[in-house]
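Here's entry_38.tsv, which has TSV, C-alpha atoms:
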chain	number	residue	atom	x	y	z
A	1365	ASP	CA	-3.42	-17.55	-7.90
A	1366	THR	CA	-6.68	-15.78	-7.12
A	1367	GLY	CA	-5.12	-12.78	-5.42
A	1368	VAL	CA	-6.20	-11.04	-2.23
A	1369	SER	CA	-9.94	-10.62	-1.95
A	1370	GLN	CA	-11.94	-8.30	0.28
A	1371	ASP	CA	-15.59	-8.24	1.17
A	1372	PRO	CA	-17.64	-6.13	0.93
A	1373	ARG	CA	-16.25	-3.77	-1.68
A	1374	HIS	CA	-18.46	-0.94	-0.48
A	1375	LYS	CA	-20.15	-0.30	2.85
A	1376	ILE	CA	-22.39	2.60	3.77
A	1377	THR	CA	-23.34	2.88	7.41
A	1378	LYS	CA	-24.74	5.37	9.87
A	1379	ARG	CA	-22.65	6.93	12.58
A	1380	GLY	CA	-22.60	4.80	15.69
A	1381	GLN	CA	-23.10	1.48	13.91
A	1382	ASN	CA	-20.60	-1.37	13.95
A	1383	VAL	CA	-19.08	-2.69	10.72
A	1384	THR	CA	-16.93	-5.71	9.90
A	1385	PHE	CA	-14.75	-6.27	6.87
A	1386	ARG	CA	-13.23	-9.52	5.68
A	1387	CYS	CA	-9.95	-10.19	3.90
A	1388	ASP	CA	-8.91	-13.46	2.27
A	1389	PRO	CA	-5.16	-13.50	1.55
A	1390	ILE	CA	-3.35	-15.35	-1.16
A	1391	SER	CA	-3.28	-19.02	-0.26
A	1392	GLU	CA	-0.27	-20.00	1.89
A	1393	HIS	CA	0.67	-16.39	2.63
A	1394	ASN	CA	1.51	-16.33	6.31
A	1395	ARG	CA	1.52	-12.55	6.74
A	1396	LEU	CA	-1.52	-10.29	6.46
A	1397	TYR	CA	-1.68	-6.50	6.73
A	1398	TRP	CA	-4.38	-3.86	7.07
A	1399	TYR	CA	-3.99	-0.31	5.80
A	1400	ARG	CA	-6.31	2.69	5.65
A	1401	GLN	CA	-6.35	5.13	2.74
A	1402	THR	CA	-8.17	8.45	2.85
A	1403	LEU	CA	-8.85	10.66	-0.14
A	1404	GLY	CA	-5.70	12.21	-1.55
A	1405	GLN	CA	-3.39	10.27	0.75
A	1406	GLY	CA	-1.30	7.16	0.53
A	1407	PRO	CA	-2.18	4.04	2.50
A	1408	GLU	CA	-1.40	4.17	6.23
A	1409	PHE	CA	-0.39	1.06	8.14
A	1410	LEU	CA	-2.87	-0.19	10.75
A	1411	THR	CA	-1.77	-3.66	11.82
A	1412	TYR	CA	-0.26	-6.93	10.70
A	1413	PHE	CA	-0.45	-10.62	11.50
A	1414	GLN	CA	1.99	-13.44	11.17
A	1415	ASN	CA	-0.14	-16.56	11.03
A	1416	GLU	CA	-2.75	-15.95	13.76
A	1417	ALA	CA	-0.59	-13.66	15.91
A	1418	GLN	CA	-1.15	-9.90	15.72
A	1419	LEU	CA	2.41	-8.57	15.95
A	1420	GLU	CA	2.08	-4.82	15.55
A	1421	LYS	CA	-0.65	-2.21	15.82
A	1422	SER	CA	-0.45	1.40	14.76
A	1423	ARG	CA	-1.49	4.25	17.03
A	1424	LEU	CA	-4.10	4.93	14.36
A	1425	LEU	CA	-5.88	1.79	15.52
A	1426	SER	CA	-7.99	3.17	18.35
A	1427	ASP	CA	-9.76	0.87	20.80
A	1428	ARG	CA	-12.86	1.04	18.59
A	1429	PHE	CA	-10.94	-1.01	16.03
A	1430	SER	CA	-10.20	-4.70	16.38
A	1431	ALA	CA	-8.66	-7.13	13.96
A	1432	GLU	CA	-8.48	-10.90	14.11
A	1433	ARG	CA	-7.03	-13.74	12.13
A	1434	PRO	CA	-8.29	-16.71	14.11
A	1435	LYS	CA	-6.97	-19.62	12.08
A	1436	GLY	CA	-4.13	-17.89	10.31
A	1437	SER	CA	-6.07	-17.66	7.06
A	1438	PHE	CA	-8.72	-14.97	6.54
A	1439	SER	CA	-8.86	-11.85	8.70
A	1440	THR	CA	-11.61	-9.53	9.89
A	1441	LEU	CA	-11.42	-5.86	10.80
A	1442	GLU	CA	-14.23	-4.55	12.98
A	1443	ILE	CA	-14.98	-0.92	13.72
A	1444	GLN	CA	-17.32	-0.26	16.62
A	1445	ARG	CA	-19.37	2.92	17.03
A	1446	THR	CA	-18.32	4.28	13.65
A	1447	GLU	CA	-17.56	7.97	13.26
A	1448	GLN	CA	-17.55	10.10	10.12
A	1449	GLY	CA	-13.79	10.26	10.35
A	1450	ASP	CA	-13.65	6.52	9.79
A	1451	SER	CA	-14.78	7.02	6.19
A	1452	ALA	CA	-11.90	5.68	4.07
A	1453	MET	CA	-10.73	2.83	1.90
A	1454	TYR	CA	-9.56	-0.11	3.98
A	1455	LEU	CA	-6.89	-2.15	2.22
A	1456	CYS	CA	-5.69	-5.63	2.99
A	1457	ALA	CA	-2.40	-7.10	1.80
A	1458	SER	CA	-0.62	-10.40	2.24
A	1459	SER	CA	2.89	-11.74	1.84
A	1460	ILE	CA	4.93	-14.86	2.43
A	1461	LEU	CA	8.14	-14.97	4.40
A	1462	THR	CA	10.90	-15.90	1.98
A	1463	GLY	CA	14.03	-15.06	3.96
A	1464	THR	CA	15.07	-12.58	1.28
A	1465	PRO	CA	14.93	-8.81	1.75
A	1466	ALA	CA	11.69	-6.88	1.56
A	1467	ASP	CA	9.07	-9.51	0.80
A	1468	THR	CA	6.44	-8.15	-1.57
A	1469	GLN	CA	3.06	-7.23	-0.16
A	1470	TYR	CA	0.16	-8.05	-2.51
A	1471	PHE	CA	-2.87	-5.83	-2.10
A	1472	GLY	CA	-6.56	-6.49	-2.41
A	1473	PRO	CA	-9.04	-4.10	-4.08
A	1474	GLY	CA	-10.11	-2.58	-0.77
A	1475	THR	CA	-13.36	-1.93	1.06
A	1476	ARG	CA	-14.68	1.60	0.77
A	1477	LEU	CA	-16.46	2.69	3.96
A	1478	THR	CA	-18.78	5.68	4.03
A	1479	VAL	CA	-20.12	6.78	7.40
A	1480	LEU	CA	-23.16	9.05	7.20
B	1094	ALA	CA	11.22	7.10	11.55
B	1095	GLN	CA	11.29	6.60	7.83
B	1096	SER	CA	9.27	8.60	5.29
B	1097	VAL	CA	8.95	9.33	1.60
B	1098	THR	CA	8.03	12.55	-0.16
B	1099	GLN	CA	6.55	12.55	-3.63
B	1100	LEU	CA	7.03	15.84	-5.44
B	1101	GLY	CA	4.06	16.73	-7.59
B	1102	SER	CA	0.63	15.39	-6.78
B	1103	HIS	CA	-0.32	15.62	-10.47
B	1104	VAL	CA	1.91	15.07	-13.50
B	1105	SER	CA	0.81	15.30	-17.13
B	1106	VAL	CA	2.87	14.06	-20.06
B	1107	SER	CA	2.15	13.58	-23.72
B	1108	GLU	CA	1.83	10.11	-25.15
B	1109	GLY	CA	5.30	8.95	-26.20
B	1110	ALA	CA	7.10	11.41	-23.91
B	1111	LEU	CA	9.35	10.60	-20.97
B	1112	VAL	CA	7.64	9.86	-17.66
B	1113	LEU	CA	9.47	11.05	-14.53
B	1114	LEU	CA	7.84	10.68	-11.11
B	1115	ARG	CA	9.88	11.92	-8.16
B	1116	CYS	CA	10.35	10.28	-4.78
B	1117	ASN	CA	12.74	11.29	-1.99
B	1118	TYR	CA	13.16	9.24	1.14
B	1119	SER	CA	14.25	9.87	4.70
B	1120	SER	CA	15.68	7.04	6.74
B	1121	SER	CA	18.27	6.65	9.48
B	1122	VAL	CA	19.25	3.21	8.18
B	1123	PRO	CA	19.53	1.77	4.66
B	1124	PRO	CA	15.99	1.56	3.29
B	1125	TYR	CA	14.11	-0.76	1.01
B	1126	LEU	CA	12.06	1.20	-1.52
B	1127	PHE	CA	9.03	0.38	-3.63
B	1128	TRP	CA	6.87	1.84	-6.37
B	1129	TYR	CA	3.23	0.77	-6.59
B	1130	VAL	CA	0.59	1.70	-9.17
B	1131	GLN	CA	-3.12	1.99	-8.44
B	1132	TYR	CA	-5.69	1.91	-11.24
B	1133	PRO	CA	-9.27	3.02	-10.51
B	1134	ASN	CA	-11.23	0.45	-8.52
B	1135	GLN	CA	-8.21	-1.86	-8.34
B	1136	GLY	CA	-5.71	-2.73	-5.66
B	1137	LEU	CA	-2.14	-1.51	-5.50
B	1138	GLN	CA	0.15	-3.37	-7.88
B	1139	LEU	CA	3.91	-3.57	-7.36
B	1140	LEU	CA	5.91	-2.00	-10.19
B	1141	LEU	CA	9.39	-2.56	-8.76
B	1142	LYS	CA	11.40	-2.63	-5.56
B	1143	TYR	CA	14.92	-1.77	-4.44
B	1144	THR	CA	16.55	-4.26	-2.07
B	1145	SER	CA	20.18	-3.05	-2.31
B	1146	ALA	CA	21.18	-5.67	-4.89
B	1147	ALA	CA	21.45	-3.12	-7.71
B	1148	THR	CA	20.89	0.63	-7.77
B	1149	LEU	CA	19.05	0.56	-11.12
B	1150	VAL	CA	15.89	-1.47	-10.80
B	1151	LYS	CA	13.76	-2.56	-13.73
B	1152	GLY	CA	10.10	-3.25	-13.23
B	1153	ILE	CA	7.00	-4.17	-15.12
B	1154	ASN	CA	5.44	-2.25	-18.03
B	1155	GLY	CA	8.76	-0.65	-19.01
B	1156	PHE	CA	9.28	1.30	-15.78
B	1157	GLU	CA	12.57	1.59	-13.96
B	1158	ALA	CA	13.92	3.47	-10.95
B	1159	GLU	CA	17.38	4.38	-9.75
B	1160	PHE	CA	18.42	4.47	-6.10
B	1161	LYS	CA	20.70	7.46	-5.43
B	1162	LYS	CA	21.95	7.51	-1.86
B	1163	SER	CA	23.70	10.89	-2.23
B	1164	GLU	CA	20.41	12.47	-3.28
B	1165	THR	CA	18.16	10.26	-1.09
B	1166	SER	CA	16.05	9.72	-4.19
B	1167	PHE	CA	14.28	6.86	-5.94
B	1168	HIS	CA	12.68	8.44	-9.00
B	1169	LEU	CA	10.51	6.40	-11.35
B	1170	THR	CA	10.98	6.73	-15.11
B	1171	LYS	CA	9.63	5.33	-18.36
B	1172	PRO	CA	11.10	6.37	-21.72
B	1173	SER	CA	7.82	6.55	-23.63
B	1174	ALA	CA	4.42	7.09	-22.02
B	1175	HIS	CA	1.43	5.05	-23.10
B	1176	MET	CA	-2.22	5.88	-22.54
B	1177	SER	CA	-2.53	2.82	-20.31
B	1178	ASP	CA	0.00	4.34	-17.86
B	1179	ALA	CA	-2.59	6.81	-16.60
B	1180	ALA	CA	-3.00	5.93	-12.91
B	1181	GLU	CA	-1.94	6.89	-9.38
B	1182	TYR	CA	1.62	6.02	-8.40
B	1183	PHE	CA	2.85	5.55	-4.85
B	1184	CYS	CA	6.39	5.43	-3.54
B	1185	ALA	CA	6.88	3.48	-0.31
B	1186	VAL	CA	9.68	2.69	2.13
B	1187	THR	CA	10.46	0.15	4.82
B	1188	ILE	CA	13.49	-0.35	7.03
B	1189	ASN	CA	12.49	-3.87	8.01
B	1190	PHE	CA	14.20	-6.81	6.32
B	1191	GLY	CA	10.91	-8.68	6.30
B	1192	ASN	CA	8.92	-5.63	5.19
B	1193	GLU	CA	6.53	-5.76	8.15
B	1194	LYS	CA	5.33	-2.21	7.61
B	1195	LEU	CA	5.31	0.01	4.56
B	1196	THR	CA	5.24	3.79	4.77
B	1197	PHE	CA	3.70	5.35	1.67
B	1198	GLY	CA	3.97	8.75	0.07
B	1199	THR	CA	0.90	10.78	-0.81
B	1200	GLY	CA	0.89	9.63	-4.41
B	1201	THR	CA	1.23	11.18	-7.87
B	1202	ARG	CA	-1.61	11.08	-10.35
B	1203	LEU	CA	-0.25	10.60	-13.87
B	1204	THR	CA	-2.30	11.87	-16.79
B	1205	ILE	CA	-1.36	11.02	-20.37
B	1206	ILE	CA	-2.23	13.59	-23.04
B	1207	PRO	CA	-3.09	12.05	-26.44
Kindly transcribe the structure held in the file into structure tokens.
Amino acid sequence: DTGVSQDPRHKITKRGQNVTFRCDPISEHNRLYWYRQTLGQGPEFLTYFQNEAQLEKSRLLSDRFSAERPKGSFSTLEIQRTEQGDSAMYLCASSILTGTPADTQYFGPGTRLTVL
Amino acid sequence: AQSVTQLGSHVSVSEGALVLLRCNYSSSVPPYLFWYVQYPNQGLQLLLKYTSAATLVKGINGFEAEFKKSETSFHLTKPSAHMSDAAEYFCAVTINFGNEKLTFGTGTRLTIIP
């Protein structure tokens, strides 16, 4: 079990640039989630996938944000025309549907984005 | 909508003393509740979760939490603090059976005094 991995771990970009983050879930986990965490706050839900289908998106996910999970394995989160307010830690998590209550979400180490 | 409130953004306890981190929830339906720990430069790690099977939930590293419906609380405790417990702790809630979306509190930073 290698855990959830995210790449890159750190990204510094200039305002207006596009950035893309990658998340590799735990093998065989069919659900994948993206959260955003700003300084001094808890993670906030952005979106989640079941296999390749994106089933829910938060209002936090403006139209500059897009997430994909094309083959139901890894996922990418792209931010277009970055703004300073996008500076945050972007967390990915995965889980497997077990049919029991409240399946555990396993989190990756995150990608820290700094927009200058 | 569901939410959690963590009282105390910073808590300091002496090594060997009781750890008590507070979490109150708000939910219109029976919730599922979680405690996660976050060490510097690491991802969130699940400590324990409440799924209505038992009100007293035991987790990893000696932590436990008790679900109290009358008080809408899910406080985290550990009888004796260890230096390695220093971290940020997050309470979270979901109302979905499949846990499709977690709502987190703002976190409590725990400092252990030698």
Residues of chain A that have any atom at most 6 Å from an atom of chain B: could you tabulate them with the shortest-distance atom pair and the distance in Å to one decimal, using only C-alpha atoms, ordered by chain and increasing number, as CSV?
residue,atom,partner,partner_atom,distance
A:Gln1405,CA,B:Thr1199,CA,4.6
A:Gly1406,CA,B:Thr1199,CA,4.4
A:Pro1465,CA,B:Phe1190,CA,5.0
A:Ala1466,CA,B:Asn1192,CA,4.7
A:Asp1467,CA,B:Gly1191,CA,5.9
A:Phe1471,CA,B:Gly1136,CA,5.5
A:Gly1472,CA,B:Gly1136,CA,5.0
A:Pro1473,CA,B:Gly1136,CA,3.9
Which residues, protein or nucleic acid, reach to within 12 Å of (-20.3, 5.8, 5.7) in the file's coordinates when using only C-alpha atoms, and can you give that as an mmCIF file with C-alpha atoms, keeping the file's coordinate frame?
data_model
loop_
_atom_site.group_PDB
_atom_site.id
_atom_site.type_symbol
_atom_site.label_atom_id
_atom_site.label_comp_id
_atom_site.auth_asym_id
_atom_site.auth_seq_id
_atom_site.Cartn_x
_atom_site.Cartn_y
_atom_site.Cartn_z
ATOM 1 C CA HIS A 1374 -18.460 -0.940 -0.480
ATOM 2 C CA LYS A 1375 -20.150 -0.300 2.850
ATOM 3 C CA ILE A 1376 -22.390 2.600 3.770
ATOM 4 C CA THR A 1377 -23.340 2.880 7.410
ATOM 5 C CA LYS A 1378 -24.740 5.370 9.870
ATOM 6 C CA ARG A 1379 -22.650 6.930 12.580
ATOM 7 C CA GLY A 1380 -22.600 4.800 15.690
ATOM 8 C CA GLN A 1381 -23.100 1.480 13.910
ATOM 9 C CA ASN A 1382 -20.600 -1.370 13.950
ATOM 10 C CA VAL A 1383 -19.080 -2.690 10.720
ATOM 11 C CA ILE A 1443 -14.980 -0.920 13.720
ATOM 12 C CA ARG A 1445 -19.370 2.920 17.030
ATOM 13 C CA THR A 1446 -18.320 4.280 13.650
ATOM 14 C CA GLU A 1447 -17.560 7.970 13.260
ATOM 15 C CA GLN A 1448 -17.550 10.100 10.120
ATOM 16 C CA GLY A 1449 -13.790 10.260 10.350
ATOM 17 C CA ASP A 1450 -13.650 6.520 9.790
ATOM 18 C CA SER A 1451 -14.780 7.020 6.190
ATOM 19 C CA ALA A 1452 -11.900 5.680 4.070
ATOM 20 C CA MET A 1453 -10.730 2.830 1.900
ATOM 21 C CA THR A 1475 -13.360 -1.930 1.060
ATOM 22 C CA ARG A 1476 -14.680 1.600 0.770
ATOM 23 C CA LEU A 1477 -16.460 2.690 3.960
ATOM 24 C CA THR A 1478 -18.780 5.680 4.030
ATOM 25 C CA VAL A 1479 -20.120 6.780 7.400
ATOM 26 C CA LEU A 1480 -23.160 9.050 7.200
#
Item to check | Computed interatomic separation between atom CA of B:Trp1128 and atom CA of A:Glu1432 (Å) | outcome: 28.6 Å
Checklist entry - Pick from A:Gly1474, A:Gly1404, A:Gly1463, A:Gly1367: nearest to A:Pro1389, with all atoms listed in the file counted? => result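 The shortest atom-to-atom distance to A:Pro1389 comes from A:Gly1367.
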Using 4 Å of padding on each side, determine the axis-aligned box around all atoms of stretch 1458-1469 of chain A present in the file and give its centre and edge lengths in Å to one decimal, as JSON.
{"center_x": 7.2, "center_y": -11.4, "center_z": 1.4, "size_x": 23.7, "size_y": 17.0, "size_z": 14.0}
Checklist entry - What is the distance between atom CA of B:Ala1110 and atom CA of B:Glu1159, in Å to one decimal? => result 18.9 Å
Item to check | d(atom CA of A:Arg1433, atom CA of A:Glu1416) in Å | outcome: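 Calculated distance between atom CA of A:Arg1433 and atom CA of A:Glu1416 is 5.1 Å.
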Item to check | Selected residue of minimal separation from B:Ser1121 among B:Ala1094, B:Ala1180, B:Leu1100, B:Ile1205, counting all atoms listed in the file | outcome: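 Selected residue with least distance to B:Ser1121: B:Ala1094.
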Checklist entry - A:Leu1425: which residues within 12 Å, counting only C-alpha atoms, same-chain residues fewer than 3 positions away excluded, as an MDAnalysis selection string? => result chainID A and resid 1398:1400 1408:1412 1420:1422 1428:1431 1441:1444 1450
Next on the checklist: For a cutoff of 10 Å around the file-coordinate point (1.7, -13.0, 9.3), which residues qualify once you count all atoms listed in the file? I'd like the result as a PyMOL selection string.
Outcome noted: (chain A and resi 1393-1397+1412-1419+1433+1436-1437+1458-1461) or (chain B and resi 1193)
Please write the residues from the selection above to a file, keeping C-alpha atoms, as a short mmCIF file (atom, residue, chain, number, x, y, z; two decimals), in the frame of the given file.
data_model
loop_
_atom_site.label_atom_id
_atom_site.label_comp_id
_atom_site.auth_asym_id
_atom_site.auth_seq_id
_atom_site.Cartn_x
_atom_site.Cartn_y
_atom_site.Cartn_z
CA HIS A 1393 0.67 -16.39 2.63
CA ASN A 1394 1.51 -16.33 6.31
CA ARG A 1395 1.52 -12.55 6.74
CA LEU A 1396 -1.52 -10.29 6.46
CA TYR A 1397 -1.68 -6.50 6.73
CA TYR A 1412 -0.26 -6.93 10.70
CA PHE A 1413 -0.45 -10.62 11.50
CA GLN A 1414 1.99 -13.44 11.17
CA ASN A 1415 -0.14 -16.56 11.03
CA GLU A 1416 -2.75 -15.95 13.76
CA ALA A 1417 -0.59 -13.66 15.91
CA GLN A 1418 -1.15 -9.90 15.72
CA LEU A 1419 2.41 -8.57 15.95
CA ARG A 1433 -7.03 -13.74 12.13
CA GLY A 1436 -4.13 -17.89 10.31
CA SER A 1437 -6.07 -17.66 7.06
CA SER A 1458 -0.62 -10.40 2.24
CA SER A 1459 2.89 -11.74 1.84
CA ILE A 1460 4.93 -14.86 2.43
CA LEU A 1461 8.14 -14.97 4.40
CA GLU B 1193 6.53 -5.76 8.15
#
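Proximity to B:His1168 was assessed for B:Cys1116, B:Tyr1129, B:Ile1206, B:Asn1154 counting all atoms listed in the file; the smallest distance is recorded for B:Cys1116.
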Next on the checklist: Using only C-alpha atoms for the distances, tell me which of B:Gln1099, B:Thr1148, B:Ser1163, B:Thr1170 is nearest to B:Val1112.
Outcome noted: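 With only C-alpha atoms as the atom set, the closest residue is B:Thr1170.
Summary of the local environment: counting all atoms listed in the file, residues at most 6 Å from B:Leu1169, other than itself and those fewer than 6 positions away along its chain, are Leu1113, Leu1114, Glu1157 and Ala1158 of chain B.
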